[in-house]
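A.B. asks: This one is input04.cif, mmCIF, C-alpha atoms.
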```
data_target
loop_
_atom_site.label_atom_id
_atom_site.label_comp_id
_atom_site.auth_asym_id
_atom_site.auth_seq_id
_atom_site.Cartn_x
_atom_site.Cartn_y
_atom_site.Cartn_z
CA MET A 1 329.56 -117.71 315.33
CA ASP A 2 328.81 -121.22 316.66
CA ASN A 3 328.29 -120.83 320.40
CA LYS A 4 328.41 -124.56 321.16
CA ALA A 5 331.69 -124.90 319.31
CA ASP A 6 333.09 -121.83 321.09
CA VAL A 7 332.11 -123.25 324.48
CA ARG A 8 333.55 -126.67 323.67
CA GLU A 9 336.83 -125.34 322.33
CA PHE A 10 337.25 -122.78 325.11
CA LEU A 11 336.71 -125.27 327.92
CA THR A 12 338.80 -127.93 326.20
CA SER A 13 341.69 -125.51 325.61
CA ARG A 14 341.59 -124.25 329.22
CA ARG A 15 341.48 -127.83 330.55
CA ALA A 16 344.53 -128.71 328.45
CA LYS A 17 346.53 -125.89 330.09
CA VAL A 18 346.04 -127.09 333.68
CA THR A 19 348.37 -129.87 334.77
CA PRO A 20 347.40 -132.12 337.69
CA GLN A 21 350.32 -130.75 339.71
CA LEU A 22 348.91 -127.21 339.49
CA VAL A 23 345.73 -128.26 341.30
CA GLY A 24 347.27 -130.73 343.74
CA LEU A 25 346.41 -133.95 341.88
CA PRO A 26 348.82 -136.82 341.19
CA GLY A 27 350.25 -136.75 337.67
CA GLY A 28 351.47 -140.12 336.61
CA SER A 29 352.81 -141.17 333.23
CA ASN A 30 349.79 -142.97 331.82
CA ARG A 31 347.85 -139.90 330.67
CA ARG A 32 346.34 -139.46 327.21
CA VAL A 33 345.51 -135.75 327.62
CA PRO A 34 347.98 -132.86 328.06
CA GLY A 35 346.09 -131.35 331.01
CA LEU A 36 343.25 -132.42 333.25
CA ARG A 37 340.82 -135.20 332.49
CA ARG A 38 337.12 -134.37 332.40
CA SER A 39 336.64 -136.44 335.54
CA GLU A 40 339.27 -134.37 337.36
CA VAL A 41 337.64 -131.08 336.37
CA ALA A 42 334.27 -132.44 337.51
CA THR A 43 335.72 -133.45 340.89
CA LEU A 44 337.39 -130.09 341.41
CA ALA A 45 334.20 -128.24 340.44
CA GLY A 46 331.96 -130.44 342.59
CA VAL A 47 329.76 -131.71 339.75
CA SER A 48 329.23 -135.10 338.15
CA VAL A 49 331.35 -136.22 335.22
CA GLU A 50 328.18 -136.56 333.14
CA TYR A 51 327.14 -132.98 333.88
CA TYR A 52 330.58 -131.53 333.16
CA THR A 53 330.73 -133.49 329.90
CA LYS A 54 327.38 -131.96 328.94
CA LEU A 55 328.71 -128.48 329.73
CA GLU A 56 331.90 -129.00 327.75
CA ARG A 57 329.89 -130.13 324.75
CA GLY A 58 328.28 -126.69 324.65
CA ALA A 59 325.21 -126.90 326.89
CA LEU A 60 326.38 -124.05 329.11
CA GLY A 61 323.18 -122.01 329.13
CA GLY A 62 321.54 -123.74 332.09
CA ALA A 63 324.56 -123.57 334.37
CA SER A 64 324.09 -121.51 337.51
CA PRO A 65 326.52 -118.72 338.49
CA GLU A 66 327.74 -120.99 341.30
CA VAL A 67 328.60 -123.77 338.84
CA LEU A 68 330.33 -121.30 336.52
CA ASP A 69 332.36 -119.95 339.44
CA ALA A 70 333.32 -123.50 340.42
CA LEU A 71 334.44 -124.22 336.84
CA ALA A 72 336.48 -121.03 336.80
CA ARG A 73 338.25 -122.05 339.99
CA ALA A 74 338.82 -125.63 338.82
CA LEU A 75 340.33 -124.45 335.52
CA LEU A 76 342.37 -121.65 337.17
CA LEU A 77 340.78 -119.03 334.93
CA ASP A 78 342.00 -115.45 335.21
CA ASP A 79 339.57 -112.52 335.37
CA ALA A 80 339.30 -112.16 331.60
CA GLU A 81 338.74 -115.89 331.09
CA ARG A 82 336.13 -116.01 333.87
CA SER A 83 334.22 -113.10 332.31
CA HIS A 84 334.42 -114.83 328.94
CA LEU A 85 332.99 -118.01 330.44
CA PHE A 86 330.00 -116.07 331.80
CA ASP A 87 329.55 -114.32 328.43
CA LEU A 88 329.51 -117.68 326.66
CA ALA A 89 326.93 -118.97 329.15
CA GLN A 90 324.71 -115.95 328.55
CA ALA A 91 324.96 -116.40 324.79
CA SER A 92 324.07 -120.08 325.23
CA SER A 93 320.77 -119.12 326.84
CA PRO A 94 319.08 -116.43 324.70
CA THR A 95 315.85 -116.74 326.70
CA ALA A 96 317.55 -116.05 330.02
CA ARG A 97 317.55 -112.32 329.35
CA PRO A 98 316.69 -110.14 326.36
CA ARG A 99 319.18 -110.21 323.55
CA ARG A 100 321.35 -107.18 324.07
CA ARG A 101 321.25 -104.60 321.37
CA ASN A 102 324.30 -104.28 319.21
CA ARG A 103 326.49 -101.89 321.17
CA LEU A 104 328.57 -101.02 318.16
CA VAL A 105 325.94 -99.30 316.06
CA GLU A 106 327.72 -97.21 313.46
CA GLN A 107 327.41 -93.62 314.62
CA PRO A 108 329.83 -90.71 314.33
CA PRO A 109 331.39 -89.65 317.64
CA HIS A 110 329.50 -86.91 319.39
CA GLU A 111 331.02 -83.47 319.12
CA SER A 112 332.17 -83.14 322.73
CA LEU A 113 334.08 -86.44 322.52
CA GLN A 114 336.19 -85.06 319.69
CA TRP A 115 336.74 -81.86 321.67
CA MET A 116 338.03 -83.94 324.58
CA LEU A 117 340.39 -85.91 322.36
CA ASP A 118 341.70 -82.73 320.75
CA ALA A 119 342.40 -81.31 324.22
CA VAL A 120 344.98 -84.09 324.73
CA THR A 121 348.10 -82.73 323.04
CA ALA A 122 351.01 -84.56 324.71
CA GLY A 123 350.16 -88.07 323.50
CA PRO A 124 348.04 -90.08 321.09
CA ALA A 125 344.44 -90.35 322.31
CA PHE A 126 341.79 -92.34 320.49
CA VAL A 127 338.51 -94.19 320.88
CA ARG A 128 338.07 -97.72 319.55
CA ASN A 129 335.32 -100.28 319.65
CA GLY A 130 335.60 -103.99 320.41
CA ARG A 131 336.31 -104.76 316.75
CA MET A 132 339.35 -102.46 317.04
CA ASP A 133 337.92 -99.89 314.64
CA LEU A 134 339.37 -96.43 315.31
CA VAL A 135 336.18 -94.46 315.92
CA ALA A 136 337.76 -91.10 316.82
CA ALA A 137 341.27 -89.76 317.42
CA ASN A 138 343.25 -86.63 318.15
CA LEU A 139 345.82 -85.28 315.70
CA LEU A 140 348.73 -87.07 317.35
CA ALA A 141 346.89 -90.43 317.25
CA ARG A 142 346.18 -90.00 313.54
CA ALA A 143 349.88 -89.32 313.01
CA PHE A 144 350.83 -92.22 315.27
CA TYR A 145 348.52 -94.62 313.39
CA ARG A 146 349.28 -93.06 310.02
CA ASP A 147 349.62 -96.40 308.25
CA VAL A 148 346.43 -97.76 309.82
CA TYR A 149 344.48 -94.80 308.44
CA ALA A 150 346.30 -95.02 305.09
CA MET A 151 345.23 -98.65 304.73
CA SER A 152 341.53 -97.80 305.14
CA PRO A 153 340.77 -94.11 305.71
CA ASP A 154 337.00 -94.64 305.99
CA ARG A 155 337.19 -97.57 308.42
CA PRO A 156 340.64 -97.73 310.04
CA ASN A 157 341.00 -100.99 311.93
CA ILE A 158 344.00 -102.01 314.03
CA ALA A 159 343.34 -105.74 313.67
CA ARG A 160 343.14 -105.61 309.89
CA PHE A 161 346.35 -103.54 309.83
CA THR A 162 348.13 -105.97 312.16
CA PHE A 163 347.51 -109.03 310.00
CA LEU A 164 347.10 -107.71 306.46
CA ASP A 165 349.48 -104.75 306.10
CA GLU A 166 353.20 -105.33 305.50
CA HIS A 167 354.06 -102.22 307.54
CA ALA A 168 352.69 -103.79 310.73
CA ARG A 169 355.71 -106.00 311.36
CA SER A 170 358.03 -103.01 311.47
CA PHE A 171 355.57 -100.79 313.40
CA PHE A 172 355.19 -103.51 316.07
CA PRO A 173 358.76 -104.69 316.85
CA ASP A 174 357.39 -107.62 318.87
CA TRP A 175 354.79 -108.50 316.26
CA ASP A 176 354.00 -111.95 317.70
CA PHE A 177 352.99 -110.42 321.03
CA TYR A 178 350.86 -107.70 319.42
CA ALA A 179 349.17 -110.27 317.19
CA GLN A 180 348.28 -112.40 320.23
CA VAL A 181 346.89 -109.37 322.07
CA THR A 182 344.86 -108.28 319.05
CA VAL A 183 343.23 -111.68 318.61
CA ALA A 184 342.55 -111.96 322.34
CA ILE A 185 340.73 -108.61 322.28
CA LEU A 186 338.61 -109.73 319.33
CA ARG A 187 337.87 -113.09 320.95
CA THR A 188 336.80 -111.30 324.15
CA GLU A 189 334.45 -109.08 322.16
CA ALA A 190 333.01 -112.09 320.34
CA GLY A 191 332.03 -113.51 323.71
CA ARG A 192 330.44 -110.25 324.83
CA ASP A 193 328.52 -109.65 321.62
CA PRO A 194 328.21 -112.84 319.53
CA HIS A 195 325.54 -111.25 317.31
CA ASP A 196 327.78 -108.49 315.94
CA GLY A 197 327.67 -109.11 312.20
CA ARG A 198 330.57 -106.77 311.44
CA LEU A 199 332.77 -108.63 313.90
CA GLN A 200 331.83 -111.92 312.29
CA ASP A 201 332.71 -110.46 308.88
CA LEU A 202 336.07 -109.21 310.18
CA VAL A 203 336.94 -112.56 311.75
CA GLY A 204 335.96 -114.32 308.53
CA GLU A 205 338.07 -111.96 306.44
CA LEU A 206 341.15 -112.29 308.62
CA SER A 207 340.75 -116.06 308.93
CA THR A 208 340.64 -116.34 305.15
CA LEU A 209 343.57 -114.03 304.42
CA SER A 210 345.94 -114.70 307.34
CA ASP A 211 347.24 -118.08 308.47
CA ASP A 212 348.64 -116.39 311.59
CA PHE A 213 345.25 -115.02 312.56
CA ARG A 214 343.49 -118.31 311.94
CA GLN A 215 345.96 -120.17 314.17
CA LEU A 216 345.71 -117.62 316.99
CA TRP A 217 341.92 -117.45 316.76
CA GLY A 218 341.79 -121.20 317.33
CA GLN A 219 343.62 -120.85 320.66
CA HIS A 220 340.59 -119.11 322.28
CA ASP A 221 342.73 -116.78 324.38
CA VAL A 222 341.02 -113.72 325.88
CA ARG A 223 342.27 -110.73 327.86
CA HIS A 224 341.36 -107.47 329.54
CA HIS A 225 343.46 -104.75 327.99
CA GLY A 226 343.56 -101.83 330.40
CA THR A 227 347.07 -100.65 331.21
CA GLY A 228 350.71 -101.34 330.43
CA ARG A 229 353.69 -100.36 328.29
CA LYS A 230 354.34 -100.97 324.62
CA VAL A 231 357.22 -100.44 322.22
CA PHE A 232 356.56 -99.17 318.70
CA CYS A 233 358.78 -98.25 315.76
CA HIS A 234 357.17 -95.30 314.02
CA PRO A 235 358.21 -94.73 310.39
CA VAL A 236 358.76 -91.00 310.99
CA VAL A 237 360.36 -90.70 314.45
CA GLY A 238 361.62 -94.20 315.24
CA GLU A 239 361.31 -96.21 318.44
CA LEU A 240 358.75 -95.15 321.05
CA THR A 241 358.22 -96.73 324.47
CA LEU A 242 354.80 -95.63 325.68
CA ALA A 243 352.59 -96.29 328.67
CA TYR A 244 348.89 -96.65 327.98
CA GLU A 245 345.63 -96.49 329.89
CA GLY A 246 342.33 -97.76 328.51
CA MET A 247 338.99 -96.57 329.93
CA ASN A 248 335.48 -97.67 329.02
CA LEU A 249 333.17 -94.82 328.05
CA GLU A 250 330.11 -94.85 330.31
CA SER A 251 328.13 -92.75 327.83
CA SER A 252 328.88 -95.13 324.94
CA PRO A 253 328.93 -98.81 326.01
CA GLY A 254 331.33 -100.83 323.90
CA LEU A 255 333.75 -97.96 323.27
CA THR A 256 337.15 -97.62 324.92
CA LEU A 257 339.21 -94.44 325.29
CA THR A 258 342.96 -95.08 325.15
CA VAL A 259 345.70 -92.55 325.86
CA TYR A 260 349.41 -93.17 325.23
CA ALA A 261 352.05 -91.23 327.15
CA ALA A 262 355.84 -91.21 327.28
CA GLU A 263 357.91 -90.93 330.43
CA PRO A 264 358.66 -87.22 330.96
CA GLY A 265 362.16 -86.26 329.84
CA SER A 266 362.73 -89.52 327.99
CA ALA A 267 363.84 -89.99 324.40
CA SER A 268 360.32 -91.21 323.61
CA ALA A 269 358.84 -87.97 324.96
CA GLU A 270 361.14 -85.98 322.66
CA ARG A 271 360.14 -88.16 319.72
CA LEU A 272 356.44 -87.65 320.48
CA GLN A 273 357.06 -83.90 320.35
CA LEU A 274 358.77 -84.36 316.98
CA LEU A 275 355.81 -86.40 315.78
CA ALA A 276 353.41 -83.67 316.92
CA SER A 277 355.40 -81.05 314.99
CA TRP A 278 355.45 -83.27 311.91
CA ALA A 279 351.70 -83.95 312.19
CA ALA A 280 350.92 -80.22 312.33
CA SER A 281 352.43 -79.79 308.87
CA GLN A 282 350.72 -82.78 307.24
CA GLU A 283 347.36 -83.55 305.70
CA LEU A 284 346.76 -86.79 307.55
CA PRO A 285 344.30 -89.55 306.65
CA GLY A 286 341.20 -89.28 308.84
CA GLN A 287 341.69 -85.57 309.45
CA GLU A 288 338.67 -84.59 307.38
CA SER A 289 336.33 -86.81 309.36
CA ALA A 290 337.69 -85.43 312.64
CA GLN A 291 337.04 -81.89 311.49
CA THR A 292 333.51 -82.84 310.45
CA ALA A 293 332.82 -84.10 313.97
CA ARG A 294 333.56 -80.68 315.44
#
```
Can you turn what I pasted into structure tokens?
C.D. replies:
Amino acid sequence: MDNKADVREFLTSRRAKVTPQLVGLPGGSNRRVPGLRRSEVATLAGVSVEYYTKLERGALGGASPEVLDALARALLLDDAERSHLFDLAQASSPTARPRRRNRLVEQPPHESLQWMLDAVTAGPAFVRNGRMDLVAANLLARAFYRDVYAMSPDRPNIARFTFLDEHARSFFPDWDFYAQVTVAILRTEAGRDPHDGRLQDLVGELSTLSDDFRQLWGQHDVRHHGTGRKVFCHPVVGELTLAYEGMNLESSPGLTLTVYAAEPGSASAERLQLLASWAASQELPGQESAQTAR
């Protein structure tokens, strides 16, 4: 991935989203840019126009944390965008600290992790990496993501399913939203670990095969994906409204544990119970690998 291009396009796209009115500057009608001018960002950040122009062209590596914080404030960045800016700055300066090892080395989940997932019986529980590979899952998660596993049993990947499998648009009723979230998660990971070859391969594959992905990737949106509610339409049990919580695994940097749960007594809770009963009678994709991890 081209770090200078990523820096340039990220800062340019964030600048375009901030109108003068949002930061207390006069608007006027004679403006050739949709958002702030470079000079306005420089003024708000307390740096010279020449220096900000240099930063926006990709020379972010020498910027101090104070300058990066000032840019984040000037561009009204949220927490995810601010973290991404710092990640891009770190990647711009490989001599500033040792190149981090690839956190997503391909290793099977340790035995106790699978035990923990299997202990969760009321909802889908799974572990994914930043590329959105499903690394480990309990029985209900394998049933929940049945079509994801069916698409690629050896390397199930939610992003690849979202953009390349025809079943995704029915599984995700609000497909546009899920597609945006998926790309934002991948873009965030690309900032954290720009040297991940498998991520680069995945982005290249999806960019080649999906016009939707290519367009969304070019928007440079990022996000922290920790908690919320989602609606799914499962091919076996129908509509499910589920809350989710995502937690980083301290023992395995780069991996996230996610658990879905339905509101007690709701129709979705009943449908999850039906899905669990159905899963117990099936030979599901990915089941063999889960048993091997035990």
A.B. asks: I want to know what sits within 12 Å of A:Glu270, based on all atoms listed in the file, with residues of the same chain fewer than 2 positions away left out; could you give that as a PyMOL selection string?
C.D. replies: chain A and resi 122-123+237-242+261-268+272-277
A.B. asks: Carefully work through the PyMOL selection byres ((chain A and resi 23-33) around 12) for this structure and note down the residues it includes, as a list in words.
C.D. replies: Thr12, Ser13, Arg15, Ala16, Lys17, Val18, Thr19, Pro20, Gln21, Leu22, Pro34, Gly35, Leu36, Arg37, Arg38, Ser39, Glu40, Val41, Thr43, Leu44, Ala45, Arg73, Ala74, Leu75 and Leu76 of chain A
A.B. asks: Grab all the atoms of stretch 255-274 of chain A that the file lists, wrap them in a box along x, y and z, add 5 Å per side, and give me centre plus edge lengths in Å (one decimal) as lines of an AutoDock Vina configuration file.
C.D. replies:
```
center_x = 348.8
center_y = -90.9
center_z = 324.0
size_x = 40.1
size_y = 24.1
size_z = 24.0
```
A.B. asks: Might you spell out which residues the PyMOL selection byres ((chain A and resi 153-166) around 7) would select in the displayed file, as an MDAnalysis selection string?
C.D. replies: chainID A and resid 132:134 148:152 167:169 179 182 210 213 285:286
A.B. asks: So which residues are close to (337.6, -93.5, 329.9), meaning at most 7 Å away in the file's coordinates with all atoms listed in the file counted, and can you show them as an mmCIF file with C-alpha atoms, in the frame of the given file?
C.D. replies:
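out-v2.cif written:
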```
data_model
loop_
_atom_site.group_PDB
_atom_site.id
_atom_site.type_symbol
_atom_site.label_atom_id
_atom_site.label_comp_id
_atom_site.auth_asym_id
_atom_site.auth_seq_id
_atom_site.Cartn_x
_atom_site.Cartn_y
_atom_site.Cartn_z
ATOM 1 C CA GLY A 246 342.330 -97.760 328.510
ATOM 2 C CA MET A 247 338.990 -96.570 329.930
ATOM 3 C CA ASN A 248 335.480 -97.670 329.020
ATOM 4 C CA LEU A 249 333.170 -94.820 328.050
ATOM 5 C CA THR A 256 337.150 -97.620 324.920
ATOM 6 C CA LEU A 257 339.210 -94.440 325.290
#
```
A.B. asks: On this structure, which residues satisfy the PyMOL selection byres ((chain A and resi 279) around 12), written as a ChimeraX atom specification?
C.D. replies: /A:121,124,138-146,236-237,272-278,280-285,287
A.B. asks: Which residues, written as a short mmCIF file (atom, residue, chain, number, x, y, z; two decimals) with C-alpha atoms, keeping the file's coordinate frame, have at least one atom at most 7 Å from A:Ala125, with all atoms listed in the file counted and residues fewer than 6 positions away on the same chain left out?
C.D. replies:
```cif
data_model
loop_
_atom_site.label_atom_id
_atom_site.label_comp_id
_atom_site.auth_asym_id
_atom_site.auth_seq_id
_atom_site.Cartn_x
_atom_site.Cartn_y
_atom_site.Cartn_z
CA LEU A 117 340.39 -85.91 322.36
CA ALA A 137 341.27 -89.76 317.42
CA ASN A 138 343.25 -86.63 318.15
CA ALA A 141 346.89 -90.43 317.25
CA THR A 258 342.96 -95.08 325.15
CA VAL A 259 345.70 -92.55 325.86
CA TYR A 260 349.41 -93.17 325.23
#
```
A.B. asks: From the list A:Met116, A:Arg214, A:Phe10, A:Asp2, which residue is nearest A:Arg82 when using all atoms listed in the file?
C.D. replies: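 Under the stated criterion, the closest residue is A:Phe10.
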A.B. asks: As a VMD selection string, please: the residues near stretch 86-91 of chain A (cut-off 9 Å, only C-alpha atoms, same-chain neighbours under 4 positions excluded).
C.D. replies: chain A and resid 3 to 4 6 to 7 59 to 63 65 68 to 69 81 to 82 96 to 97 99 188 191 to 194
A.B. asks: May I have the residues from that selection written out with C-alpha atoms, as a PDB file, keeping the file's coordinate frame?
C.D. replies:
```pdb
ATOM      1  CA  ASN A   3     328.290-120.830 320.400  1.00  0.00           C
ATOM      2  CA  LYS A   4     328.410-124.560 321.160  1.00  0.00           C
ATOM      3  CA  ASP A   6     333.090-121.830 321.090  1.00  0.00           C
ATOM      4  CA  VAL A   7     332.110-123.250 324.480  1.00  0.00           C
ATOM      5  CA  ALA A  59     325.210-126.900 326.890  1.00  0.00           C
ATOM      6  CA  LEU A  60     326.380-124.050 329.110  1.00  0.00           C
ATOM      7  CA  GLY A  61     323.180-122.010 329.130  1.00  0.00           C
ATOM      8  CA  GLY A  62     321.540-123.740 332.090  1.00  0.00           C
ATOM      9  CA  ALA A  63     324.560-123.570 334.370  1.00  0.00           C
ATOM     10  CA  PRO A  65     326.520-118.720 338.490  1.00  0.00           C
ATOM     11  CA  LEU A  68     330.330-121.300 336.520  1.00  0.00           C
ATOM     12  CA  ASP A  69     332.360-119.950 339.440  1.00  0.00           C
ATOM     13  CA  GLU A  81     338.740-115.890 331.090  1.00  0.00           C
ATOM     14  CA  ARG A  82     336.130-116.010 333.870  1.00  0.00           C
ATOM     15  CA  ALA A  96     317.550-116.050 330.020  1.00  0.00           C
ATOM     16  CA  ARG A  97     317.550-112.320 329.350  1.00  0.00           C
ATOM     17  CA  ARG A  99     319.180-110.210 323.550  1.00  0.00           C
ATOM     18  CA  THR A 188     336.800-111.300 324.150  1.00  0.00           C
ATOM     19  CA  GLY A 191     332.030-113.510 323.710  1.00  0.00           C
ATOM     20  CA  ARG A 192     330.440-110.250 324.830  1.00  0.00           C
ATOM     21  CA  ASP A 193     328.520-109.650 321.620  1.00  0.00           C
ATOM     22  CA  PRO A 194     328.210-112.840 319.530  1.00  0.00           C
TER      23      PRO A 194
END
```
